[in-house]
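Working notes, beginning with the structure itself.
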Amino acid sequence: MPNPNAIVSTILRFEPQLEGAVAETMRAKGGLSIHLEDGRQARVDPASPHFAEYIKILDGLSKLHSPVYFELDPGTSFITRLLIPHVSRVANVRPIEEGALSVELEISQARHVLRKGQMDYDQLAMQLRDAKSSGKPVIVTEDDAHNIIDVRPYLPSPGRPEVLLPPFPRPVPEGEIFLPSWLDELLRKLWCWCGWPWWWFRCRCISKTYAQAVFDAMKATSCDPLTVPVPCIPFLYPDDGCFARAHEMCRLMIERGLSPRKVWIKGSLHVSTANNPQCYVNWGWHVAPTLCVRGRWFFNIETMVIDPSLFNTPVSPATWKGLQGDPGATLSYTSADLYFHVYGDVTDPTYALTIQDLAKYRLRLQLRAIQSGPPPYTYCP
């Protein structure tokens with residue numbers, strides 16, 4: 001049976017209205033009431049030290065028309081726990097150690113786990129498997145360690161905007177061949193060399209100095225975790241959202257006249273990081289932009305990965321792969337226009353998905369910074 005004190009709902013309105021409202025004024029008037037679409041209400045405790053930050057997060061989720069997970073004090077209706085669910089189709093459900101299930105969501109790189117000890121384990125497992133079979137989106141709520149605690153059908157409200165979901169991705173046709181990363185790189189170099197002496201104009205290769213400047217410019221867009229001002233990129237939330245970060249970086253690079261591509265890695269990835277309270281993240285896949293960089297000799301060019309969530313400088317694909325903990329992981333290269341690639345190809349030419357997903361991961365970063373303190377976490381090795 002679901003937690004009787006838990007609500008998953010979109011926000012209908014706030015009382016008092018947030019337009020022009022000041023957090024301290026609302027605190028003095030007794031706090032903020034949140035009217036939900038299921039007819040119930042939740043309240044933000046005015047005595048909470050993070051009253052203003054919670055208001056900003058709730059306002060952001062309301063503007064995204066995104067469901068919110070609340071646990072409420074039954075006596076006061078004050079929010080005792082706030083989480084930001086995923087709205088996604090389920091790509092795969094498979095058993096792992098000790099009866100737990102690994103759950104892959106189409107719109108997520110993170111590894112999500114339903115553990116055997118979770119309340120209503122059997123019901124949640126059945127819902128996830130049914131969602132995989134039907135292809136219908138569900139609302140999946142998890143804790144900050146990506147343990148699934150709640151699953152519900154996603155039912156858009158009539159007359160209200162829906163959460164943007166990518167279309168069903170184009171499936172990879174049976175027998176389609178993807179070139180190994182080393183062969184893809186070799187063919188690209190041959191293509192450039194065949195155009196000599198115009199190869200760098202055609203391939204848009206840049207110097208290592210300029211590649212570092214581009215990297216620094218991308219990293220400079222990183223979010224302050226407590227304020228997350230738009231249009232910052234949430235590099236300090238490495239758990240998820242690489243697809244949105246990579247697409248936004250490619251957009252910024254294209255604005256500079258560059259010709260980025262993307263490199264994708266798929267495997268059982270495990271990365272140590274001081275930007276997660278557990279000091280590591282687990283991924284099923286990851287993506288970052290790449291640039292063609294001129295080497296020391298005239299005909300020498302190389303692909304360099306631009307990934308401020310993992311490094312402080314451009315790195316080779318081999319170095320990028322090596323940090324992610326799975327020697328058997330596979331790399332593939334694509335053009336910059338692919339937003340998703342692992343479960344099929346989806347583009348985002350208008351950047352609508354990018355804008356929505358970056359906003360969502362900014363709020364996740366801010367919520368973590370409120371509840372666990374802002375990253376980096378100095379206790380991590």
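Every chain in the structure tokens takes a letter, A first, then B, and so on in the order presented; its residues are numbered from 1, and the ligands are numbered from 1 following the presented order.
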Quiz item: Quick one: residues within 7 Å of Pro46 in chain A, only C-alpha atoms counted, chain neighbours fewer than 6 positions away excluded, as a list of chain:residue names?
Solution: A:Arg27, A:Gly30, A:Gly31
Residues from last step as file, N, CA and C atoms, as a PDB file, in the first residue's frame:
```
ATOM      1  N   ARG A  27       6.382  34.446   5.003  1.00  0.00           N
ATOM      2  CA  ARG A  27       6.716  33.806   6.272  1.00  0.00           C
ATOM      3  C   ARG A  27       5.945  34.476   7.422  1.00  0.00           C
ATOM      4  N   GLY A  30       2.327  33.431   7.760  1.00  0.00           N
ATOM      5  CA  GLY A  30       2.002  32.040   8.093  1.00  0.00           C
ATOM      6  C   GLY A  30       2.424  31.026   7.069  1.00  0.00           C
ATOM      7  N   GLY A  31       3.190  31.436   6.073  1.00  0.00           N
ATOM      8  CA  GLY A  31       3.722  30.465   5.129  1.00  0.00           C
ATOM      9  C   GLY A  31       3.025  30.475   3.789  1.00  0.00           C
TER      10      GLY A  31
END
```
Quiz item: Residues at most 7 Å from range 354-362 of chain A, counting only C-alpha atoms, excluding those fewer than 4 positions away in the same chain, as a list in words?
Solution: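 Near range 354-362 of chain A, the qualifying residues are Val228, Ile233, Pro234, Gly241, Ala244, His247, Glu248 and Gln366 of chain A.
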Create the file for the chosen residues now, containing N, CA, C and O atoms and written as an mmCIF file, in the first residue's frame.
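Wrote out_19.cif, looks like this:
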```cif
data_model
loop_
_atom_site.group_PDB
_atom_site.id
_atom_site.type_symbol
_atom_site.label_atom_id
_atom_site.label_comp_id
_atom_site.auth_asym_id
_atom_site.auth_seq_id
_atom_site.Cartn_x
_atom_site.Cartn_y
_atom_site.Cartn_z
ATOM 1 N N VAL A 228 21.185 28.595 -8.644
ATOM 2 C CA VAL A 228 20.969 28.039 -9.996
ATOM 3 C C VAL A 228 20.359 29.043 -10.981
ATOM 4 O O VAL A 228 19.292 28.796 -11.533
ATOM 5 N N ILE A 233 24.541 25.928 -16.518
ATOM 6 C CA ILE A 233 24.533 24.492 -16.823
ATOM 7 C C ILE A 233 24.891 23.742 -15.535
ATOM 8 O O ILE A 233 25.927 24.018 -14.936
ATOM 9 N N PRO A 234 24.073 22.783 -15.104
ATOM 10 C CA PRO A 234 24.296 22.126 -13.803
ATOM 11 C C PRO A 234 25.358 21.025 -13.843
ATOM 12 O O PRO A 234 25.076 19.850 -13.601
ATOM 13 N N GLY A 241 21.397 13.859 -16.619
ATOM 14 C CA GLY A 241 21.194 15.045 -17.448
ATOM 15 C C GLY A 241 22.335 15.376 -18.376
ATOM 16 O O GLY A 241 22.371 16.480 -18.932
ATOM 17 N N ALA A 244 21.330 16.832 -21.811
ATOM 18 C CA ALA A 244 20.954 18.251 -21.880
ATOM 19 C C ALA A 244 22.186 19.140 -21.795
ATOM 20 O O ALA A 244 22.304 20.136 -22.523
ATOM 21 N N HIS A 247 24.026 18.961 -25.140
ATOM 22 C CA HIS A 247 23.337 19.652 -26.235
ATOM 23 C C HIS A 247 23.469 21.162 -26.099
ATOM 24 O O HIS A 247 23.642 21.880 -27.091
ATOM 25 N N GLU A 248 23.397 21.651 -24.860
ATOM 26 C CA GLU A 248 23.556 23.090 -24.639
ATOM 27 C C GLU A 248 24.983 23.529 -24.941
ATOM 28 O O GLU A 248 25.204 24.594 -25.551
ATOM 29 N N GLN A 366 19.703 22.272 -6.881
ATOM 30 C CA GLN A 366 19.372 23.188 -5.795
ATOM 31 C C GLN A 366 18.760 22.445 -4.612
ATOM 32 O O GLN A 366 19.105 22.716 -3.449
#
```
Practice problem: Check range 190-374 of chain A with DSSP on the backbone and list each residue it calls strand (DSSP E), as a ChimeraX atom specification. | Solution: /A:261-272,280-294,301-305,330-335,338-340,346-347
Self-check item: Val346 in chain A environment, 8 Å, only C-alpha atoms, sequence neighbours closer than 2 positions dropped, as a VMD selection string
Solution: chain A and resid 166 to 167 169 to 170 338 to 341 344 348
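Among the candidates A:Val93, A:Lys116, A:Glu24, A:Pro225, the residue lying nearest to Ala52 in chain A is A:Glu24 (atoms considered: only C-alpha atoms).
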Exercise. Assign secondary structure with DSSP using the backbone only, and return the residues of range 294-361 of chain A in alpha helix (DSSP H) as a list in words.
Key: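 In range 294-361 of chain A, DSSP puts these residues in alpha helix (DSSP H): Pro317, Ala318, Thr319, Trp320, Lys321, Gly322, Ala352, Leu353, Thr354, Ile355, Gln356, Asp357, Leu358, Ala359, Lys360 and Tyr361 of chain A.
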